[in-house]
2 protein chains.
Amino acid sequence: MTTPGDVCVERTALDRLFDPRSIVVIGASTDPGKRGYQVIQALRRSDYPYPVYGVNPRGTTVLDIPVLRSIAELPPGIDVALIALPAAAAPQAVRELAGVGVAAAVVLANGFRESGPSGATAESELAAAAAETGVRVVGPNTSGILNVATGANLVGVGDVPSGPVSALTQSGNMLLSLLADIRAAQGPGLHTYVGLGNQVDLRYDECLRHLATLPGTSAIAVHSEGLPDGRAFLVAAAEAARRRPVVLLRGGRSEAGKRSALSHTGSVAGADDVAAAVLTQAGVELVDRSDELAVVAGVLATANAIPAGRAVAVLSDGGGHAALAADALTAAGVPLAVLADETRNCLRALLGAPAAVANPVDVAGATDADPALFADAAAALFADPAVGSVLVVGLFGGYHLRFDARLAEDEMVAASRLVDLVDRTGLPVVVQSCYAIDQPENHRTLRDGGIPVLNSIDHAVRGVAALHRRGIRRADAHLRADLRLPSGRVDAGTSGDARLLDEPAARARLDGAGIDTGPWRFADSAAEAAAAVAEFAVPCAVKVVSSAVGHKSDVGGVRLGVAAADAGQAWESIMASVAAKAAGAEPAGVLVVPMAPTGVELLVGVTMDPIFGPVVAFGCGGVLVEALRDVAFRAAPFTRHEALEMIAETTASRMLDGYRGLPAVDRGTLAEFLVRVSEFAAAAVDLVELDLNPVIAAGDALYPVDVRIATR
Amino acid sequence: MTTPGDVCVERTALDRLFDPRSIVVIGASTDPGKRGYQVIQALRRSDYPYPVYGVNPRGTTVLDIPVLRSIAELPPGIDVALIALPAAAAPQAVRELAGVGVAAAVVLANGFRESGPSGATAESELAAAAAETGVRVVGPNTSGILNVATGANLVGVGDVPSGPVSALTQSGNMLLSLLADIRAAQGPGLHTYVGLGNQVDLRYDECLRHLATLPGTSAIAVHSEGLPDGRAFLVAAAEAARRRPVVLLRGGRSEAGKRSALSHTGSVAGADDVAAAVLTQAGVELVDRSDELAVVAGVLATANAIPAGRAVAVLSDGGGHAALAADALTAAGVPLAVLADETRNCLRALLGAPAAVANPVDVAGATDADPALFADAAAALFADPAVGSVLVVGLFGGYHLRFDARLAEDEMVAASRLVDLVDRTGLPVVVQSCYAIDQPENHRTLRDGGIPVLNSIDHAVRGVAALHRRGIRRADAHLRADLRLPSGRVDAGTSGDARLLDEPAARARLDGAGIDTGPWRFADSAAEAAAAVAEFAVPCAVKVVSSAVGHKSDVGGVRLGVAAADAGQAWESIMASVAAKAAGAEPAGVLVVPMAPTGVELLVGVTMDPIFGPVVAFGCGGVLVEALRDVAFRAAPFTRHEALEMIAETTASRMLDGYRGLPAVDRGTLAEFLVRVSEFAAAAVDLVELDLNPVIAAGDALYPVDVRIATR
């Protein structure tokens, strides 16, 4: 055991918070119903080996822990204080703790921002105390922190299994869910946990970065209900995800869920499809179901990623499970390996005539008498370069329960050999078994050897899908953009009033940024308009230019297919129409643009997401935009590789390869265009919105027909 | 105990099969490794109280059961024979069993159709034996049948919990999955089970009908991998689903899954989206995840349906779970109730200021000291006429484990009061709890009282979604069509070569069936074409008529917007073009149709699904059809109510209400049109395909622009 003074020298505040070598409970209590007692009890029960103190005006002791009458009496340099006081008392306590060199404080109380105006004031005071003193504050409205290895259990929940998963949640109940799911799946246990609550100081981004550096953490499970600084989270998540898998369950995705999350945490809500897209872009593994968080984090913490370019083989002892696993893999977008002839021949020789040796492989009874054949079949599959992972489904490990108790030993052999195979190849095996609930010894062997065993085919497949994506992300990490933005970019884009540029100004702005909007001319007289059309020598669109006109067509401000001879008349009729329908619009002139050829109508846009900042949208354009809702999003900036992924996600992509007489579109050109838009979106601090709809695409040419930009 | 002769008088063969009062094992064995031994052992262990016999050429006894040397020696009128003989011996055994009045035989062996040509021969012989003798055959390649109440356990699996769920699976391993999932969820147990295997005689439809009549069965869980007669299944499922909830998990939905199912069962594969649509139409509750089959069937067997028109309230003891439950309900299409002001006031009074009293309701700590408040809050919610169900999420029942052991009694009170509330209101409560895995006594109270308790929010929500749909189906059952078809409809439509009608014949056929294709004229000369255009007095489309021309536009056979004065020239140019590009087409003339006005482009079609027969397709039409893949399917025939549901499912429906300057479309007219097409599709035994693309819709008018019909 060390004294507080020894350890605080070299460790950062976060090191001291997440692995405290001394703890003080402010508001220590002798009442077993109070958190000020329960925490001390929990530290005792989990054999926390370092010094613990209490503070309470009445002094005395709690469970043999010395309780001092004031913070000032504490020895200097304690790592973490748990503040179990009412909301109003917390800010002053933080200030006093700073005086004795405490690194971090966990504030349990609720009654802050989430409870209304007076709570918001208390929260501001707490934030100020943290900022001014440098004491790192976790919470308020938090469940606390947990370091399972040392027994630093400030959450007060018992029987937490130790393991490689670290967790970060908004609300404490989510830790209970996570623990229940870990128990239900007999999955890997926890390493470090922090409940962030209202995030007055410590936020997701810093915690993620820190957890990703911990040697004992192999995967990070995150639950959030709104991110106060989404872009910082994105950047931190991308950084963390390069070191460790990051799995995220988001609460508040639906309107009703958002309403609940808002009342609960006071968070800001953004568009859910944007959030899902940009978080995936950052390399976060999103789970949609709450019962998947523990499972997916557990699988990622246990098994190796599937090498990029390799696919999955299903190995089953029954056709029913084989088909369901294949269905679930397909639905999850995981490719099934096409097995080489020699692999099939090898499987045929091993498993006999009744077996199905195409993928999914069904041993069809061959293993009933000799379960070790599973390991031989898996080895045969891994010898095929197309196979990057084997998913075993069915009854594995339960043959001695179903058929003959004497098979127990053979099943242990099979399990050991599968573990050896994983060790030797570095390729992941995942097992689903109807007998997982019986907890046979051979399943323990598998789990201890890095082979996840799950009861549900769907959970097993979900884990395999995560391993598949992780392999791809590791291979193409160097092809992805850094998501950091110039300082001020987000704030400038999300506050104050927006102003629409007129179209010539908008086009000039884009052209200047290297985003080619094609040929265009501004004309401030009928004669100039005619000259412009004549210069282009093709029929042109002539459109009114007025920053007071939002929708030019609605006021008769557009003429299409105008020839040079008709340009003067077009000018006159536009001006007459706009004067009649938009009195006071005072047009500056007209824009003359050659008519675009026939092509695929696309949408390219930029919006400022209130959480994640500048985001680029791409999809089907034209009048069908709202009906089709075919939009892919990415946080700006992004790379050509990411742009191509974005394009491939859309319905629009089905029309790019010469669809129904439309010209084929060069995806590379389109991707480069999107990249330039994304770089502009990231860099242009005043940009609020960009809308290019439609962009007509034909071959390697792109024609933005309408260009709208709003700035601040 | 009764003798076989007593009971077979009044009971049908299926009564005798599913509730046998005497059993014989053909191929009884003294070898504990053989099924012929294991089945007798299982019957003993499950205390089957009725007579059991064995047959084996060597005679003797197995576990005190008399073994006779031949079938002929058996007493007459045994209900069920389990045939544990090799494939080749099964047909003869069935014939001999008929001689002694056995009602039904379960054939375990594999090595039939699924194993190749020789197996197919054995299967035909078995089918013939069943057909000729009237002995009902289950299998072959089956796991057997199970009547849990009487202990008639021909499957040989132990420890099957008794309960209200009956199950029907293709493969025996799926029973093991089901049992594992029931144990994992501590859900309701089984009543009757049958593994259908290759379905040489007894098929899904008959079993479904039978199970739906059993008083001890409250829900039917089905697993299939292809249906040999899909339409019969649809009809039976619709009938069964009116009596009992039918939950279906389909294996072989993906290409890889289909491949597996085919090699496994030799089934025919149809289009997956068609199958999902028509099975839902029949009132079947489809589950996509294998881990949902037991859960959803269990919830439907336990809890009442949610009355149609009422919505769901979430009652939570933490914001994290509340938001996730709301998200999951929204994703599942389940409406959250909008609570009345007085309901909110009542909840506020009950739960205090920190609670969130909009739906989802978060008690925010109010129940920590008094769990019985859950029951009060649920009662307040049920007093609101908008609320049809309460979903409780969080820690219910585990407070005594989490906070204070003394709360155990209060939690029992809360559970009892929730059960009383369900009894009194008839409205369902579903509970999710992180403490389900701890199996507290109060959860047993809930389950015994008809309140499902689940560990996973997602599973709980899935169950609630099923209760929601069930309530709607019960309310609108009288608005749904009978899915029976005229005899010969399916066979005629799926065999032999199809022939394309020329368009005038196709239009005449539809017009004759009461499906108005609008005005049109056939013209066999330039003069007649000009007269037709003149008669319509609007610009017309002129299209070549030739049964040898598949795509008229491709051979220059179409002119659009033709005025009367130009009709002669249009005729000439069409004939010249077709002669040049489709030599030998020998056009009969042209079709003259007034140009359709601007409108929404829709697709209406009929296809013959190889499994379910005539199916109507509806969605976005025009050139985007393939890119958008916006198609809803329904089995023909269907009602206006069902047509309106079908329309609402599509992206096209977003364009029907005056989208972007397009005319609004009358949904009633469109629905009536679809109904007439569906009735034609059901009745026209020679119809193979109908393709109306596009149909231009504007107001209450529909203009089928191109009409294609293929017949046999």
# chains A, B, ... in the order shown; residues from 1 in each chain; ligands from 1
call {"tool": "interface_residues", "arguments": {"of": "chain A", "to": "chain B", "cutoff": "6 Å", "atoms": "only C-alpha atoms", "output": "short mmCIF file (atom, residue, chain, number, x, y, z; two decimals) with N, CA and C atoms, in the first residue's frame"}}
result
data_model
loop_
_atom_site.label_atom_id
_atom_site.label_comp_id
_atom_site.auth_asym_id
_atom_site.auth_seq_id
_atom_site.Cartn_x
_atom_site.Cartn_y
_atom_site.Cartn_z
N SER A 171 -26.25 7.07 -18.15
CA SER A 171 -27.03 6.85 -16.94
C SER A 171 -26.60 5.55 -16.27
N SER A 177 -27.96 -2.80 -16.80
CA SER A 177 -28.33 -3.53 -18.02
C SER A 177 -27.14 -4.29 -18.56
N ALA A 180 -26.31 -7.20 -16.48
CA ALA A 180 -27.29 -8.29 -16.65
C ALA A 180 -27.04 -9.01 -17.97
N GLY A 251 -29.32 6.18 -27.07
CA GLY A 251 -30.71 6.35 -26.66
C GLY A 251 -31.21 7.67 -27.21
N GLY A 252 -32.49 7.75 -27.51
CA GLY A 252 -33.04 9.00 -28.00
C GLY A 252 -32.92 9.14 -29.50
N ARG A 253 -33.04 8.01 -30.23
CA ARG A 253 -32.98 8.09 -31.69
C ARG A 253 -34.32 8.48 -32.28
N SER A 254 -35.40 8.05 -31.66
CA SER A 254 -36.74 8.39 -32.15
C SER A 254 -37.19 9.71 -31.54
N ALA A 256 -39.89 10.20 -29.71
CA ALA A 256 -40.30 9.95 -28.32
C ALA A 256 -39.09 9.70 -27.45
N GLY A 257 -38.11 8.99 -28.01
CA GLY A 257 -36.90 8.72 -27.25
C GLY A 257 -36.11 9.99 -27.01
N SER A 260 -37.63 11.96 -24.28
CA SER A 260 -37.26 11.38 -23.00
C SER A 260 -35.83 11.76 -22.64
N ALA A 261 -34.92 11.65 -23.60
CA ALA A 261 -33.53 11.94 -23.33
C ALA A 261 -33.35 13.42 -22.98
N HIS A 264 -34.37 14.11 -19.59
CA HIS A 264 -33.49 13.38 -18.70
C HIS A 264 -32.13 14.07 -18.58
N ASP A 291 -29.82 -4.91 -26.22
CA ASP A 291 -29.28 -6.21 -25.80
C ASP A 291 -28.06 -6.62 -26.62
N GLY A 319 -29.54 -28.44 -40.77
CA GLY A 319 -29.90 -27.52 -41.83
C GLY A 319 -30.67 -26.32 -41.33
N GLY A 320 -31.50 -26.52 -40.31
CA GLY A 320 -32.32 -25.41 -39.81
C GLY A 320 -31.47 -24.25 -39.35
N ALA A 323 -29.39 -22.53 -42.29
CA ALA A 323 -30.12 -21.57 -43.13
C ALA A 323 -30.36 -20.27 -42.37
N LEU A 324 -30.71 -20.37 -41.10
CA LEU A 324 -30.97 -19.16 -40.32
C LEU A 324 -29.71 -18.32 -40.15
N ALA A 326 -27.15 -18.27 -42.24
CA ALA A 326 -26.87 -17.67 -43.56
C ALA A 326 -27.79 -16.47 -43.80
N ASP A 327 -29.04 -16.63 -43.44
CA ASP A 327 -29.99 -15.51 -43.58
C ASP A 327 -29.54 -14.31 -42.77
N CYS A 434 -27.24 -24.06 -28.74
CA CYS A 434 -28.47 -24.17 -27.96
C CYS A 434 -28.17 -24.61 -26.54
N SER A 456 -27.80 -17.15 -28.88
CA SER A 456 -28.64 -16.68 -29.97
C SER A 456 -27.85 -16.61 -31.28
N ALA A 627 -39.81 12.64 -51.80
CA ALA A 627 -40.51 11.36 -51.79
C ALA A 627 -39.55 10.18 -51.58
N ARG A 654 -27.63 3.19 -58.05
CA ARG A 654 -28.13 2.18 -59.00
C ARG A 654 -28.37 2.78 -60.38
#
call {"tool": "select_by_dssp", "arguments": {"residues": "stretch 543-691 of chain A", "states": "helix (DSSP H, G or I)", "output": "JSON, numbers by chain"}}
result
{"A": [552, 553, 554, 555, 564, 565, 566, 567, 568, 569, 570, 571, 572, 573, 574, 575, 576, 577, 578, 579, 580, 581, 622, 623, 624, 625, 626, 627, 628, 640, 641, 642, 643, 644, 645, 646, 647, 648, 652, 653, 654, 655, 659, 660, 661, 667, 668, 669, 670, 671, 672, 673, 674, 675, 676, 677, 678, 679, 680, 681, 682, 683]}
call {"tool": "residues_around", "arguments": {"residues": "A:Gln281", "least_positions_apart": "3", "cutoff": "8 Å", "atoms": "only C-alpha atoms", "output": "list in words"}}
result
Ala277, Val278, Val284, Arg634 and Ala635 of chain A
call {"tool": "write_last_selection", "arguments": {"atoms": "N, CA and C atoms", "output": "PDB file, in the first residue's frame"}}
result
ATOM      1  N   ALA A 277     -24.791   8.027 -39.539  1.00  0.00           N
ATOM      2  CA  ALA A 277     -23.826   8.025 -40.642  1.00  0.00           C
ATOM      3  C   ALA A 277     -22.453   8.510 -40.193  1.00  0.00           C
ATOM      4  N   VAL A 278     -22.410   9.602 -39.449  1.00  0.00           N
ATOM      5  CA  VAL A 278     -21.102  10.177 -39.126  1.00  0.00           C
ATOM      6  C   VAL A 278     -20.384   9.370 -38.053  1.00  0.00           C
ATOM      7  N   VAL A 284     -16.989   3.967 -35.393  1.00  0.00           N
ATOM      8  CA  VAL A 284     -17.727   3.447 -34.240  1.00  0.00           C
ATOM      9  C   VAL A 284     -18.646   2.319 -34.713  1.00  0.00           C
ATOM     10  N   ARG A 634     -22.233  12.356 -44.655  1.00  0.00           N
ATOM     11  CA  ARG A 634     -20.893  12.209 -44.098  1.00  0.00           C
ATOM     12  C   ARG A 634     -20.477  13.525 -43.448  1.00  0.00           C
ATOM     13  N   ALA A 635     -19.785  13.418 -42.341  1.00  0.00           N
ATOM     14  CA  ALA A 635     -19.188  14.615 -41.752  1.00  0.00           C
ATOM     15  C   ALA A 635     -18.094  15.104 -42.680  1.00  0.00           C
TER      16      ALA A 635
END
call {"tool": "residues_around", "arguments": {"residues": "A:Gly449", "least_positions_apart": "2", "cutoff": "12 Å", "atoms": "only C-alpha atoms", "output": "PyMOL selection string"}}
result
chain A and resi 188+302-304+415-424+426+428-430+442-447+451-453
call {"tool": "residues_around", "arguments": {"residues": "stretch 125-136 of chain B", "least_positions_apart": "4", "cutoff": "7 Å", "atoms": "only C-alpha atoms", "output": "list in words"}}
result
Ala90, Pro91, Val94, Arg95, Ala98, Val102, Ala103, Ala104, Ala105, Thr121, Val200, Asp201 and Leu202 of chain B
call {"tool": "atom_distance", "arguments": {"atom1": "atom CA of B:Leu674", "atom2": "atom CA of B:Thr280"}}
result
18.2 Å
call {"tool": "select_by_dssp", "arguments": {"residues": "stretch 611-688 of chain B", "states": "strand (DSSP E)", "output": "list of chain:residue names"}}
result
B:Gly613, B:Pro614, B:Val615, B:Val616, B:Ala617, B:Phe618, B:Gly619, B:Cys620, B:Val631, B:Ala632, B:Phe633, B:Arg634, B:Ala635, B:Leu687, B:Val688
call {"tool": "write_last_selection", "arguments": {"atoms": "N, CA and C atoms", "output": "short mmCIF file (atom, residue, chain, number, x, y, z; two decimals), in the first residue's frame"}}
result
data_model
loop_
_atom_site.label_atom_id
_atom_site.label_comp_id
_atom_site.auth_asym_id
_atom_site.auth_seq_id
_atom_site.Cartn_x
_atom_site.Cartn_y
_atom_site.Cartn_z
N GLY B 613 -48.82 -18.66 -55.64
CA GLY B 613 -49.76 -18.42 -56.73
C GLY B 613 -49.89 -16.95 -57.05
N PRO B 614 -51.07 -16.53 -57.53
CA PRO B 614 -51.21 -15.16 -58.06
C PRO B 614 -51.02 -14.09 -56.99
N VAL B 615 -50.14 -13.15 -57.30
CA VAL B 615 -49.74 -12.10 -56.38
C VAL B 615 -49.81 -10.79 -57.13
N VAL B 616 -50.37 -9.74 -56.50
CA VAL B 616 -50.45 -8.43 -57.12
C VAL B 616 -49.32 -7.55 -56.59
N ALA B 617 -48.70 -6.79 -57.50
CA ALA B 617 -47.62 -5.88 -57.14
C ALA B 617 -48.08 -4.45 -57.38
N PHE B 618 -47.67 -3.54 -56.49
CA PHE B 618 -48.00 -2.12 -56.65
C PHE B 618 -46.83 -1.28 -56.18
N GLY B 619 -46.57 -0.17 -56.87
CA GLY B 619 -45.51 0.73 -56.41
C GLY B 619 -45.27 1.85 -57.40
N CYS B 620 -44.11 2.49 -57.28
CA CYS B 620 -43.72 3.52 -58.23
C CYS B 620 -43.56 2.90 -59.60
N VAL B 631 -41.91 -1.79 -54.29
CA VAL B 631 -43.04 -2.64 -54.66
C VAL B 631 -43.63 -3.29 -53.42
N ALA B 632 -44.95 -3.14 -53.27
CA ALA B 632 -45.68 -3.88 -52.23
C ALA B 632 -46.39 -5.05 -52.90
N PHE B 633 -46.45 -6.17 -52.22
CA PHE B 633 -47.11 -7.36 -52.76
C PHE B 633 -48.29 -7.78 -51.88
N ARG B 634 -49.31 -8.37 -52.53
CA ARG B 634 -50.40 -9.02 -51.81
C ARG B 634 -50.85 -10.24 -52.62
N ALA B 635 -51.18 -11.30 -51.90
CA ALA B 635 -51.79 -12.44 -52.56
C ALA B 635 -53.17 -12.02 -53.05
N LEU B 687 -54.09 -16.86 -66.46
CA LEU B 687 -53.23 -15.68 -66.35
C LEU B 687 -51.88 -16.03 -65.72
N VAL B 688 -50.80 -15.63 -66.38
CA VAL B 688 -49.46 -15.85 -65.85
C VAL B 688 -48.85 -14.55 -65.38
#
call {"tool": "closest_residue", "arguments": {"among": "B:Asp609, B:Glu10, B:Asp502, B:Glu645", "to": "B:Arg480", "atoms": "only C-alpha atoms"}}
result
B:Glu645
call {"tool": "residues_around", "arguments": {"residues": "B:Ile23", "least_positions_apart": "5", "cutoff": "6 Å", "atoms": "only C-alpha atoms", "output": "list in words"}}
result
Val52, Val80 and Ala81 of chain B
call {"tool": "write_last_selection", "arguments": {"atoms": "N, CA and C atoms", "output": "mmCIF file, in the first residue's frame"}}
result
data_model
loop_
_atom_site.group_PDB
_atom_site.id
_atom_site.type_symbol
_atom_site.label_atom_id
_atom_site.label_comp_id
_atom_site.auth_asym_id
_atom_site.auth_seq_id
_atom_site.Cartn_x
_atom_site.Cartn_y
_atom_site.Cartn_z
ATOM 1 N N VAL B 52 -47.811 -48.848 -24.404
ATOM 2 C CA VAL B 52 -46.699 -48.726 -25.341
ATOM 3 C C VAL B 52 -46.267 -50.129 -25.748
ATOM 4 N N VAL B 80 -50.607 -44.354 -32.661
ATOM 5 C CA VAL B 80 -49.421 -43.845 -33.362
ATOM 6 C C VAL B 80 -48.293 -44.868 -33.365
ATOM 7 N N ALA B 81 -47.667 -44.997 -34.532
ATOM 8 C CA ALA B 81 -46.465 -45.832 -34.635
ATOM 9 C C ALA B 81 -45.262 -44.924 -34.880
#
call {"tool": "atom_distance", "arguments": {"atom1": "atom CA of B:Leu108", "atom2": "atom CA of B:Ala219"}}
result
26.2 Å
call {"tool": "residues_around", "arguments": {"residues": "B:Ala366", "least_positions_apart": "6", "cutoff": "8 Å", "atoms": "only C-alpha atoms", "output": "PyMOL selection string"}}
result
chain B and resi 351-352+355+373
call {"tool": "write_last_selection", "arguments": {"atoms": "C-alpha atoms", "output": "tab-separated table (two decimals), in the first residue's frame"}}
result
chain	number	residue	atom	x	y	z
B	351	LEU	CA	-44.56	10.46	-8.59
B	352	GLY	CA	-43.54	13.97	-7.59
B	355	ALA	CA	-40.69	12.46	-12.66
B	373	LEU	CA	-46.05	3.07	-6.93
call {"tool": "atom_distance", "arguments": {"atom1": "atom CA of A:Pro20", "atom2": "atom CA of A:Ala152"}}
result
7.0 Å
call {"tool": "decode", "arguments": {"residues": "stretch 627-642 of chain B", "atoms": "N, CA and C atoms", "output": "CSV table (one decimal), in the first residue's frame"}}
result
chain,number,residue,atom,x,y,z
B,627,ALA,N,-34.7,0.9,-60.3
B,627,ALA,CA,-33.8,1.6,-59.4
B,627,ALA,C,-34.5,1.7,-58.0
B,628,LEU,N,-35.7,2.0,-58.0
B,628,LEU,CA,-36.4,2.3,-56.7
B,628,LEU,C,-36.8,1.1,-55.9
B,629,ARG,N,-37.1,0.0,-56.6
B,629,ARG,CA,-37.5,-1.2,-56.0
B,629,ARG,C,-38.6,-1.0,-54.9
B,630,ASP,N,-39.5,-0.2,-55.3
B,630,ASP,CA,-40.6,0.2,-54.4
B,630,ASP,C,-41.8,-0.6,-54.8
B,631,VAL,N,-41.9,-1.8,-54.3
B,631,VAL,CA,-43.0,-2.6,-54.7
B,631,VAL,C,-43.6,-3.3,-53.4
B,632,ALA,N,-45.0,-3.1,-53.3
B,632,ALA,CA,-45.7,-3.9,-52.2
B,632,ALA,C,-46.4,-5.1,-52.9
B,633,PHE,N,-46.5,-6.2,-52.2
B,633,PHE,CA,-47.1,-7.4,-52.8
B,633,PHE,C,-48.3,-7.8,-51.9
B,634,ARG,N,-49.3,-8.4,-52.5
B,634,ARG,CA,-50.4,-9.0,-51.8
B,634,ARG,C,-50.9,-10.2,-52.6
B,635,ALA,N,-51.2,-11.3,-51.9
B,635,ALA,CA,-51.8,-12.4,-52.6
B,635,ALA,C,-53.2,-12.0,-53.1
B,636,ALA,N,-53.5,-12.5,-54.3
B,636,ALA,CA,-54.9,-12.2,-54.8
B,636,ALA,C,-55.8,-13.3,-54.3
B,637,PRO,N,-57.1,-13.0,-54.0
B,637,PRO,CA,-57.7,-11.7,-54.1
B,637,PRO,C,-57.5,-10.9,-52.7
B,638,PHE,N,-57.8,-9.6,-52.8
B,638,PHE,CA,-57.8,-8.9,-51.5
B,638,PHE,C,-58.9,-7.8,-51.5
B,639,THR,N,-59.1,-7.2,-50.4
B,639,THR,CA,-60.2,-6.2,-50.3
B,639,THR,C,-59.7,-4.8,-50.4
B,640,ARG,N,-60.6,-3.9,-50.4
B,640,ARG,CA,-60.3,-2.5,-50.5
B,640,ARG,C,-59.5,-2.1,-49.2
B,641,HIS,N,-59.8,-2.6,-48.1
B,641,HIS,CA,-59.1,-2.3,-46.8
B,641,HIS,C,-57.6,-2.8,-47.0
B,642,GLU,N,-57.5,-3.9,-47.5
B,642,GLU,CA,-56.1,-4.5,-47.7
B,642,GLU,C,-55.4,-3.7,-48.8
